[in-house]
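Chemist: run20.txt is reproduced in full below (compact mmCIF, C-alpha atoms).
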```txt
# COMPACT_ATOMS: atom_id res chain seq x y z
CA MET A 1100 0.37 63.38 40.62
CA SER A 1101 1.36 66.27 42.90
CA GLY A 1102 2.95 65.60 46.27
CA HIS A 1103 -0.16 66.83 48.04
CA SER A 1104 -2.37 64.41 46.13
CA LYS A 1105 0.03 61.52 46.71
CA TRP A 1106 -0.15 62.11 50.44
CA SER A 1107 -3.95 62.41 50.34
CA THR A 1108 -4.18 59.15 48.41
CA ILE A 1109 -1.94 57.34 50.90
CA LYS A 1110 -4.03 58.56 53.82
CA ARG A 1111 -7.25 57.41 52.18
CA LYS A 1112 -5.82 53.98 51.36
CA LYS A 1113 -4.45 53.43 54.83
CA GLY A 1114 -7.48 54.90 56.55
CA VAL A 1115 -5.35 57.10 58.81
CA ALA A 1116 -6.75 60.44 57.75
CA ASP A 1117 -9.30 61.60 60.32
CA ALA A 1118 -9.70 57.99 61.46
CA LYS A 1119 -12.46 58.93 63.87
CA ARG A 1120 -15.74 59.89 62.21
CA GLY A 1121 -16.19 62.65 64.77
CA ALA A 1122 -12.96 64.30 63.62
CA VAL A 1123 -14.20 64.25 60.03
CA PHE A 1124 -17.49 65.88 60.99
CA THR A 1125 -15.75 68.51 63.13
CA ARG A 1126 -13.55 69.64 60.24
CA LEU A 1127 -16.43 69.57 57.79
CA ALA A 1128 -18.57 71.64 60.17
CA ARG A 1129 -15.85 74.28 60.42
CA GLU A 1130 -15.48 74.33 56.65
CA LEU A 1131 -19.25 74.74 56.25
CA ALA A 1132 -19.37 77.54 58.83
CA ILE A 1133 -16.51 79.48 57.23
CA ALA A 1134 -18.04 79.09 53.77
CA ALA A 1135 -21.50 80.15 55.02
CA ARG A 1136 -20.16 83.53 56.15
CA ASP A 1137 -20.52 84.58 52.49
CA GLY A 1138 -24.16 83.47 52.41
CA GLY A 1139 -26.16 80.46 53.49
CA ASP A 1140 -27.58 79.47 50.09
CA PRO A 1141 -25.49 76.79 48.33
CA ASP A 1142 -27.08 77.75 44.99
CA THR A 1143 -25.49 81.21 45.09
CA ASN A 1144 -22.48 80.53 47.32
CA PHE A 1145 -20.27 78.14 45.31
CA ARG A 1146 -17.79 77.61 48.15
CA LEU A 1147 -20.64 76.53 50.40
CA ARG A 1148 -22.04 74.29 47.68
CA LEU A 1149 -18.73 72.44 47.46
CA ALA A 1150 -18.54 72.16 51.25
CA VAL A 1151 -22.07 70.73 51.36
CA ASP A 1152 -21.22 68.24 48.60
CA LYS A 1153 -18.13 67.14 50.53
CA ALA A 1154 -20.14 66.77 53.76
CA ARG A 1155 -22.77 64.68 52.02
CA ALA A 1156 -20.08 62.48 50.46
CA GLU A 1157 -18.85 61.74 54.01
CA ASN A 1158 -22.42 60.90 55.08
CA MET A 1159 -22.60 63.84 57.46
CA PRO A 1160 -26.15 64.03 58.87
CA LYS A 1161 -28.40 66.69 57.37
CA ASP A 1162 -29.03 68.25 60.80
CA ASN A 1163 -25.28 68.66 61.34
CA ILE A 1164 -24.89 70.36 57.97
CA GLU A 1165 -27.74 72.77 58.61
CA ARG A 1166 -26.46 73.55 62.11
CA ALA A 1167 -22.97 74.34 60.81
CA ILE A 1168 -24.38 76.64 58.12
CA LYS A 1169 -26.46 78.52 60.69
CA LYS A 1170 -23.34 79.04 62.81
CA GLY A 1171 -21.61 80.54 59.81
CA THR A 1172 -24.45 82.86 58.85
CA GLY A 1173 -24.93 83.99 62.45
CA GLU A 1174 -28.43 82.53 62.81
CA ASP A 1175 -27.12 80.33 65.62
CA LYS A 1176 -26.23 82.97 68.20
CA ASP A 1177 -24.87 80.36 70.61
CA GLY A 1178 -22.37 78.98 68.12
CA ALA A 1179 -18.63 79.55 68.27
CA VAL A 1180 -17.14 82.31 66.13
CA TRP A 1181 -14.67 80.73 63.71
CA GLU A 1182 -11.79 82.44 61.97
CA GLU A 1183 -9.28 81.28 59.39
CA ILE A 1184 -5.56 81.71 60.09
CA MET A 1185 -2.65 80.88 57.80
CA PHE A 1186 0.63 80.02 59.52
CA GLU A 1187 4.00 79.99 57.78
CA GLY A 1188 7.03 78.05 58.90
CA TYR A 1189 10.15 76.07 58.14
CA GLY A 1190 10.57 72.35 58.58
CA PRO A 1191 13.68 70.14 58.54
CA HIS A 1192 16.28 70.82 55.82
CA GLY A 1193 14.87 74.29 55.18
CA SER A 1194 11.56 72.96 53.85
CA ALA A 1195 8.67 75.42 53.69
CA LEU A 1196 5.17 74.87 55.07
CA MET A 1197 1.89 76.76 55.00
CA VAL A 1198 -0.70 75.65 57.57
CA THR A 1199 -4.35 76.65 57.33
CA CYS A 1200 -6.32 76.60 60.58
CA VAL A 1201 -9.93 77.28 61.50
CA THR A 1202 -10.24 78.13 65.16
CA ASP A 1203 -12.52 79.66 67.75
CA ASN A 1204 -9.56 80.48 70.01
CA ARG A 1205 -6.49 82.05 68.44
CA ASN A 1206 -4.71 82.11 71.82
CA ARG A 1207 -4.87 78.31 71.91
CA THR A 1208 -4.02 77.66 68.29
CA VAL A 1209 -0.92 79.84 67.92
CA PRO A 1210 1.17 78.20 70.68
CA ASP A 1211 -0.05 74.73 69.63
CA ILE A 1212 1.18 75.24 66.07
CA ARG A 1213 4.44 76.79 67.26
CA HIS A 1214 5.06 73.77 69.50
CA ALA A 1215 4.34 71.34 66.64
CA PHE A 1216 6.92 73.05 64.45
CA SER A 1217 9.63 73.06 67.11
CA LYS A 1218 8.95 69.44 68.11
CA TYR A 1219 10.00 68.28 64.65
CA GLY A 1220 12.98 70.56 64.22
CA GLY A 1221 11.20 73.41 62.52
CA ASN A 1222 10.13 76.88 63.49
CA MET A 1223 7.34 79.35 62.85
CA ALA A 1224 8.06 82.23 60.48
CA GLU A 1225 6.82 85.78 60.17
CA GLN A 1226 3.98 86.48 57.77
CA GLY A 1227 5.34 86.61 54.22
CA ALA A 1228 8.63 84.89 55.02
CA VAL A 1229 7.51 81.64 53.39
CA ALA A 1230 4.44 82.60 51.34
CA TRP A 1231 6.52 83.97 48.47
CA GLN A 1232 7.59 80.40 47.69
CA PHE A 1233 3.99 79.47 46.85
CA ASP A 1234 1.32 80.45 44.37
CA ARG A 1235 -2.30 80.51 45.44
CA LYS A 1236 -4.36 78.47 43.01
CA SER A 1237 -7.82 77.08 42.54
CA TYR A 1238 -7.60 73.32 42.90
CA PHE A 1239 -9.99 70.51 42.03
CA ALA A 1240 -9.47 66.73 42.14
CA PHE A 1241 -11.97 64.10 41.12
CA PRO A 1242 -12.06 60.43 40.07
CA SER A 1243 -11.32 59.91 36.39
CA SER A 1244 -14.37 57.63 36.34
CA GLN A 1245 -16.50 60.78 36.56
CA LEU A 1246 -14.72 62.54 33.69
CA SER A 1247 -11.83 61.22 31.61
CA PHE A 1248 -8.55 63.11 31.45
CA ASP A 1249 -9.05 63.92 27.76
CA LYS A 1250 -12.47 65.43 28.38
CA ALA A 1251 -11.22 67.23 31.48
CA PHE A 1252 -8.29 68.63 29.50
CA GLU A 1253 -10.66 69.94 26.83
CA LEU A 1254 -12.90 71.45 29.50
CA GLY A 1255 -9.87 73.00 31.20
CA ILE A 1256 -8.77 74.74 28.00
CA ASN A 1257 -12.23 76.20 27.51
CA ILE A 1258 -12.53 77.59 31.04
CA GLY A 1259 -9.03 79.03 31.42
CA ALA A 1260 -7.40 76.44 33.69
CA ASP A 1261 -3.63 76.65 34.18
CA ASP A 1262 -3.05 72.91 34.18
CA VAL A 1263 -4.88 69.58 34.05
CA VAL A 1264 -2.97 66.63 35.51
CA ASP A 1265 -3.56 62.96 34.77
CA GLY A 1266 -2.95 61.05 38.00
CA GLU A 1267 -3.59 57.50 39.13
CA ASP A 1268 -7.38 57.18 38.89
CA THR A 1269 -7.59 60.92 39.62
CA VAL A 1270 -7.74 64.07 37.51
CA GLU A 1271 -6.53 67.37 38.94
CA ILE A 1272 -7.33 70.83 37.65
CA TYR A 1273 -5.34 73.92 38.66
CA GLY A 1274 -6.43 77.45 37.82
CA PRO A 1275 -6.20 81.11 38.83
CA VAL A 1276 -7.91 82.08 42.08
CA GLU A 1277 -10.40 84.21 40.19
CA ALA A 1278 -11.38 81.18 38.05
CA PHE A 1279 -12.54 79.12 41.04
CA LYS A 1280 -16.25 79.71 40.50
CA THR A 1281 -15.97 79.24 36.73
CA ILE A 1282 -14.24 75.88 37.13
CA ALA A 1283 -16.60 74.79 39.90
CA ASP A 1284 -19.65 75.67 37.80
CA ALA A 1285 -18.23 73.91 34.73
CA LEU A 1286 -17.60 70.71 36.69
CA HIS A 1287 -21.04 70.92 38.27
CA THR A 1288 -22.59 71.25 34.80
CA VAL A 1289 -21.00 67.97 33.63
CA ASN A 1290 -22.05 66.25 36.88
CA VAL A 1291 -18.54 65.99 38.37
CA HIS A 1292 -18.36 65.97 42.15
CA PRO A 1293 -14.80 66.86 43.28
CA SER A 1294 -13.29 64.81 46.08
CA GLU A 1295 -11.15 67.86 46.85
CA ALA A 1296 -11.80 71.48 45.94
CA GLY A 1297 -10.56 74.76 47.29
CA LEU A 1298 -7.88 77.41 47.15
CA ARG A 1299 -4.46 75.83 47.70
CA MET A 1300 -0.92 77.01 48.13
CA ILE A 1301 1.14 75.38 45.38
CA ALA A 1302 4.94 75.39 45.72
CA LYS A 1303 6.69 77.27 42.92
CA GLN A 1304 9.65 74.90 43.21
CA GLU A 1305 9.68 71.55 44.98
CA MET A 1306 12.55 70.41 47.20
CA ASP A 1307 14.18 67.00 46.73
CA LEU A 1308 15.04 65.03 49.87
CA ASP A 1309 16.32 61.51 50.29
CA VAL A 1310 13.80 58.83 51.24
CA GLU A 1311 14.62 58.81 54.96
CA SER A 1312 14.42 62.59 55.22
CA THR A 1313 11.15 62.62 53.27
CA LEU A 1314 9.65 60.06 55.66
CA LYS A 1315 10.66 62.15 58.69
CA PHE A 1316 9.25 65.26 57.05
CA MET A 1317 5.93 63.59 56.22
CA ARG A 1318 5.60 62.37 59.80
CA MET A 1319 5.78 66.04 60.79
CA VAL A 1320 3.12 66.90 58.21
CA GLU A 1321 0.89 64.10 59.46
CA ALA A 1322 1.26 65.20 63.08
CA ILE A 1323 0.31 68.78 62.19
CA GLU A 1324 -2.61 67.64 60.02
CA GLU A 1325 -4.03 65.65 62.93
CA MET A 1326 -4.23 68.72 65.18
CA ASP A 1327 -7.80 69.75 65.95
CA ASP A 1328 -7.65 73.26 64.45
CA VAL A 1329 -5.72 72.36 61.29
CA GLN A 1330 -7.59 72.17 58.00
CA ASP A 1331 -4.75 71.90 55.47
CA VAL A 1332 -0.96 71.68 55.29
CA PHE A 1333 0.87 72.74 52.13
CA HIS A 1334 4.60 72.27 51.60
CA ASN A 1335 7.38 72.30 49.01
CA VAL A 1336 8.84 68.81 49.52
CA LYS A 1337 8.67 66.51 46.50
CA VAL A 1338 7.43 63.04 47.36
CA SER A 1339 9.44 60.68 45.16
CA ASP A 1340 8.14 57.32 43.97
CA GLU A 1341 10.58 55.64 46.37
CA ALA A 1342 9.34 57.72 49.29
CA LEU A 1343 5.74 57.08 48.22
CA ALA A 1344 6.33 53.33 48.33
CA ALA A 1345 7.94 53.62 51.77
CA LEU A 1346 5.03 55.72 53.05
CA GLU A 1347 2.49 53.20 51.80
CA ALA A 1348 4.43 50.36 53.44
CA ALA A 1349 4.86 52.15 56.78
```
Can you dump the structure from the file as structure tokens?
Modeler:
Amino acid sequence: MSGHSKWSTIKRKKGVADAKRGAVFTRLARELAIAARDGGDPDTNFRLRLAVDKARAENMPKDNIERAIKKGTGEDKDGAVWEEIMFEGYGPHGSALMVTCVTDNRNRTVPDIRHAFSKYGGNMAEQGAVAWQFDRKSYFAFPSSQLSFDKAFELGINIGADDVVDGEDTVEIYGPVEAFKTIADALHTVNVHPSEAGLRMIAKQEMDLDVESTLKFMRMVEAIEEMDDVQDVFHNVKVSDEALAALEAA
């Protein structure tokens, strides 16, 4: 399983990811609003459909979902105007990070992210300084109970996926950015509801750190992930089995 998925699994098991239900709903609402800018109909806007599915899976109230969509489409004139920003930076030991934010106030978010980097021994980078170390990919993860790895692998071949990964109780599908809708539609057709789906920055080459350094690095990642405006953090640090065990025990 990829380092990103390992970290996501740990957070789910320990219940530390978005521990407060309000934080979950806030992030989901922003995701819905951003997706709805391309149209408010989930049947024709596949990104919105996935966001709605994710919101429903988290038991987000129907009224909250509809309100977030209206903010995105502009029907709610009193709603905040959200924008997506991708930050690039370096962490300890020369590690590389890409941080996706959704914010209604860029002047608040930029210094907050810069401070978070410096607090943990890292620093913000100019646009493009880090991005070259990553490939942008379509990414889907779902429980293997919904679709076995063998069937997912066969489906992946037929729809042009780059890779299908057999993880612990989870199947991951990676594909070209332009294949996102094709993969999403194919999974929807076989009644698979992804636990994670979106465009992700995948490290071209992962960095190996010792266990202690990995733990320190992941504490930095966790601190950034918990910031209000942050949606996703991508990095190039490989989470070894030893580090994974230490993270689960922490």
Chemist: Show me, as a list in words, the residues that have an atom within 7 Å of Ser1237 of chain A when counting all atoms listed in the file, minus same-chain residues fewer than 2 positions from it.
Modeler: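 After dropping sequence-adjacent residues, the list is Phe1239, Tyr1273, Gly1274, Pro1275, Val1276, Phe1279, Gly1297, Leu1298 and Arg1299 of chain A.
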Chemist: Check the smallest atom-to-atom distance from each of A:Ala1285, A:Ile1301, A:Met1223, A:Ala1230 to Ala1251 of chain A using all atoms listed in the file, then report the winner.
Modeler: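 Once distances to Ala1251 of chain A are computed over all atoms listed in the file, the minimum belongs to A:Ala1285.
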Chemist: As an exercise, work out the distance from atom CA of Ala1344 of chain A to atom CA of Asp1309 of chain A in Å and give it to one decimal place.
Modeler: 13.1 Å
Chemist: Quick check, in Å to one decimal: how far apart do atom CA of Asp1331 of chain A and atom CA of Thr1199 of chain A lie?
Modeler: 5.1 Å
Chemist: Suppose you want the space between atom CA of Val1338 of chain A and atom CA of Leu1308 of chain A; what is it in Å?
Modeler: 8.3 Å
Chemist: Let me make sure I understand: among A:Gly1139, A:Gly1188, A:Gly1193, A:Gly1259, which one has the smallest atom-to-atom distance to Ala1228 of chain A if we use all atoms listed in the file?
Modeler: A:Gly1188
Chemist: What are the centre and edge lengths in Å, to one decimal, of the axis-aligned box around all listed atoms of segment 1208-1226 of chain A with 3 Å added on each side, as JSON?
Modeler:
```
{"center_x": 4.5, "center_y": 77.4, "center_z": 64.2, "size_x": 23.0, "size_y": 24.2, "size_z": 18.9}
```
Chemist: Between A:Gln1226, A:Gln1330, A:Ser1194, A:Thr1269, which has the minimum distance to Thr1313 of chain A (counting all atoms listed in the file)?
Modeler: A:Ser1194
Chemist: Which residue is closest to Gln1245 of chain A? Choose from A:Ala1132, A:Leu1286, A:Val1151, A:Ala1260 and count all atoms listed in the file.
Modeler: A:Leu1286
Chemist: Mind listing as a PyMOL selection string all residues within 6 Å of (-15.4, 63.8, 49.2), counting all atoms listed in the file?
Modeler: chain A and resi 1153+1156+1294
Chemist: Nearest to Phe1186 of chain A among A:Ala1167, A:Val1209, A:Val1320, A:Ala1154, with distances taken over only C-alpha atoms: which residue is it?
Modeler: A:Val1209
Chemist: Quick one: residues within 12 Å of segment 1242-1244 of chain A, only C-alpha atoms, excluding same-chain residues fewer than 3 positions away - as a PyMOL selection string?
Modeler: chain A and resi 1108+1239+1247-1252+1263-1272+1290-1295
Chemist: Store the residues picked out above, limited to C-alpha atoms, as a compact mmCIF listing (two decimals), in the coordinates of the input.
Modeler:
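Wrote it out as part_32.txt, contents follow:
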```
# COMPACT_ATOMS: atom_id res chain seq x y z
CA THR A 1108 -4.18 59.15 48.41
CA PHE A 1239 -9.99 70.51 42.03
CA SER A 1247 -11.83 61.22 31.61
CA PHE A 1248 -8.55 63.11 31.45
CA ASP A 1249 -9.05 63.92 27.76
CA LYS A 1250 -12.47 65.43 28.38
CA ALA A 1251 -11.22 67.23 31.48
CA PHE A 1252 -8.29 68.63 29.50
CA VAL A 1263 -4.88 69.58 34.05
CA VAL A 1264 -2.97 66.63 35.51
CA ASP A 1265 -3.56 62.96 34.77
CA GLY A 1266 -2.95 61.05 38.00
CA GLU A 1267 -3.59 57.50 39.13
CA ASP A 1268 -7.38 57.18 38.89
CA THR A 1269 -7.59 60.92 39.62
CA VAL A 1270 -7.74 64.07 37.51
CA GLU A 1271 -6.53 67.37 38.94
CA ILE A 1272 -7.33 70.83 37.65
CA ASN A 1290 -22.05 66.25 36.88
CA VAL A 1291 -18.54 65.99 38.37
CA HIS A 1292 -18.36 65.97 42.15
CA PRO A 1293 -14.80 66.86 43.28
CA SER A 1294 -13.29 64.81 46.08
CA GLU A 1295 -11.15 67.86 46.85
```
Chemist: In the coordinates of the file, take the point (-24.8, 73.1, 53.5) and a cut-off of 9 Å; then, counting only C-alpha atoms, name each qualifying protein, DNA or RNA residue as a PyMOL selection string.
Modeler: chain A and resi 1131-1132+1135+1139-1141+1147-1152+1154-1155+1161+1164-1168
Chemist: Which residue out of A:Ala1296, A:Ala1348, A:Leu1343, A:Ala1302 has the minimum interatomic distance to Phe1241 of chain A when only C-alpha atoms are used?
Modeler: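 So, comparing all the options, the nearest one is A:Ala1296.
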Chemist: Excluding same-chain residues fewer than 3 positions from segment 1200-1203 of chain A, what lies within 8 Å of it counting all atoms listed in the file, as a PyMOL selection string?
Modeler: chain A and resi 1129-1130+1179-1186+1208+1328-1331
Chemist: Restricting it to C-alpha atoms, dump the selection as a PDB file, keeping the file's coordinate frame.
Modeler:
```pdb
ATOM      1  CA  ARG A1129     -15.850  74.280  60.420  1.00  0.00           C
ATOM      2  CA  GLU A1130     -15.480  74.330  56.650  1.00  0.00           C
ATOM      3  CA  ALA A1179     -18.630  79.550  68.270  1.00  0.00           C
ATOM      4  CA  VAL A1180     -17.140  82.310  66.130  1.00  0.00           C
ATOM      5  CA  TRP A1181     -14.670  80.730  63.710  1.00  0.00           C
ATOM      6  CA  GLU A1182     -11.790  82.440  61.970  1.00  0.00           C
ATOM      7  CA  GLU A1183      -9.280  81.280  59.390  1.00  0.00           C
ATOM      8  CA  ILE A1184      -5.560  81.710  60.090  1.00  0.00           C
ATOM      9  CA  MET A1185      -2.650  80.880  57.800  1.00  0.00           C
ATOM     10  CA  PHE A1186       0.630  80.020  59.520  1.00  0.00           C
ATOM     11  CA  THR A1208      -4.020  77.660  68.290  1.00  0.00           C
ATOM     12  CA  ASP A1328      -7.650  73.260  64.450  1.00  0.00           C
ATOM     13  CA  VAL A1329      -5.720  72.360  61.290  1.00  0.00           C
ATOM     14  CA  GLN A1330      -7.590  72.170  58.000  1.00  0.00           C
ATOM     15  CA  ASP A1331      -4.750  71.900  55.470  1.00  0.00           C
TER      16      ASP A1331
END
```
Chemist: I'd like the neighbourhood of Glu1187 of chain A as JSON, numbers by chain, where a residue qualifies if any of its atoms comes within 12 Å (using only C-alpha atoms), though same-chain residues fewer than 3 positions away should be ignored.
Modeler: {"A": [1184, 1190, 1194, 1195, 1196, 1197, 1198, 1199, 1200, 1209, 1212, 1213, 1216, 1221, 1222, 1223, 1224, 1225, 1226, 1227, 1228, 1229, 1230, 1231, 1232, 1233, 1300, 1332, 1333, 1334]}
Chemist: Create the file for the chosen residues now, containing C-alpha atoms and written as a PDB file, in the coordinates of the input.
Modeler:
```pdb
ATOM      1  CA  ILE A1184      -5.560  81.710  60.090  1.00  0.00           C
ATOM      2  CA  GLY A1190      10.570  72.350  58.580  1.00  0.00           C
ATOM      3  CA  SER A1194      11.560  72.960  53.850  1.00  0.00           C
ATOM      4  CA  ALA A1195       8.670  75.420  53.690  1.00  0.00           C
ATOM      5  CA  LEU A1196       5.170  74.870  55.070  1.00  0.00           C
ATOM      6  CA  MET A1197       1.890  76.760  55.000  1.00  0.00           C
ATOM      7  CA  VAL A1198      -0.700  75.650  57.570  1.00  0.00           C
ATOM      8  CA  THR A1199      -4.350  76.650  57.330  1.00  0.00           C
ATOM      9  CA  CYS A1200      -6.320  76.600  60.580  1.00  0.00           C
ATOM     10  CA  VAL A1209      -0.920  79.840  67.920  1.00  0.00           C
ATOM     11  CA  ILE A1212       1.180  75.240  66.070  1.00  0.00           C
ATOM     12  CA  ARG A1213       4.440  76.790  67.260  1.00  0.00           C
ATOM     13  CA  PHE A1216       6.920  73.050  64.450  1.00  0.00           C
ATOM     14  CA  GLY A1221      11.200  73.410  62.520  1.00  0.00           C
ATOM     15  CA  ASN A1222      10.130  76.880  63.490  1.00  0.00           C
ATOM     16  CA  MET A1223       7.340  79.350  62.850  1.00  0.00           C
ATOM     17  CA  ALA A1224       8.060  82.230  60.480  1.00  0.00           C
ATOM     18  CA  GLU A1225       6.820  85.780  60.170  1.00  0.00           C
ATOM     19  CA  GLN A1226       3.980  86.480  57.770  1.00  0.00           C
ATOM     20  CA  GLY A1227       5.340  86.610  54.220  1.00  0.00           C
ATOM     21  CA  ALA A1228       8.630  84.890  55.020  1.00  0.00           C
ATOM     22  CA  VAL A1229       7.510  81.640  53.390  1.00  0.00           C
ATOM     23  CA  ALA A1230       4.440  82.600  51.340  1.00  0.00           C
ATOM     24  CA  TRP A1231       6.520  83.970  48.470  1.00  0.00           C
ATOM     25  CA  GLN A1232       7.590  80.400  47.690  1.00  0.00           C
ATOM     26  CA  PHE A1233       3.990  79.470  46.850  1.00  0.00           C
ATOM     27  CA  MET A1300      -0.920  77.010  48.130  1.00  0.00           C
ATOM     28  CA  VAL A1332      -0.960  71.680  55.290  1.00  0.00           C
ATOM     29  CA  PHE A1333       0.870  72.740  52.130  1.00  0.00           C
ATOM     30  CA  HIS A1334       4.600  72.270  51.600  1.00  0.00           C
TER      31      HIS A1334
END
```
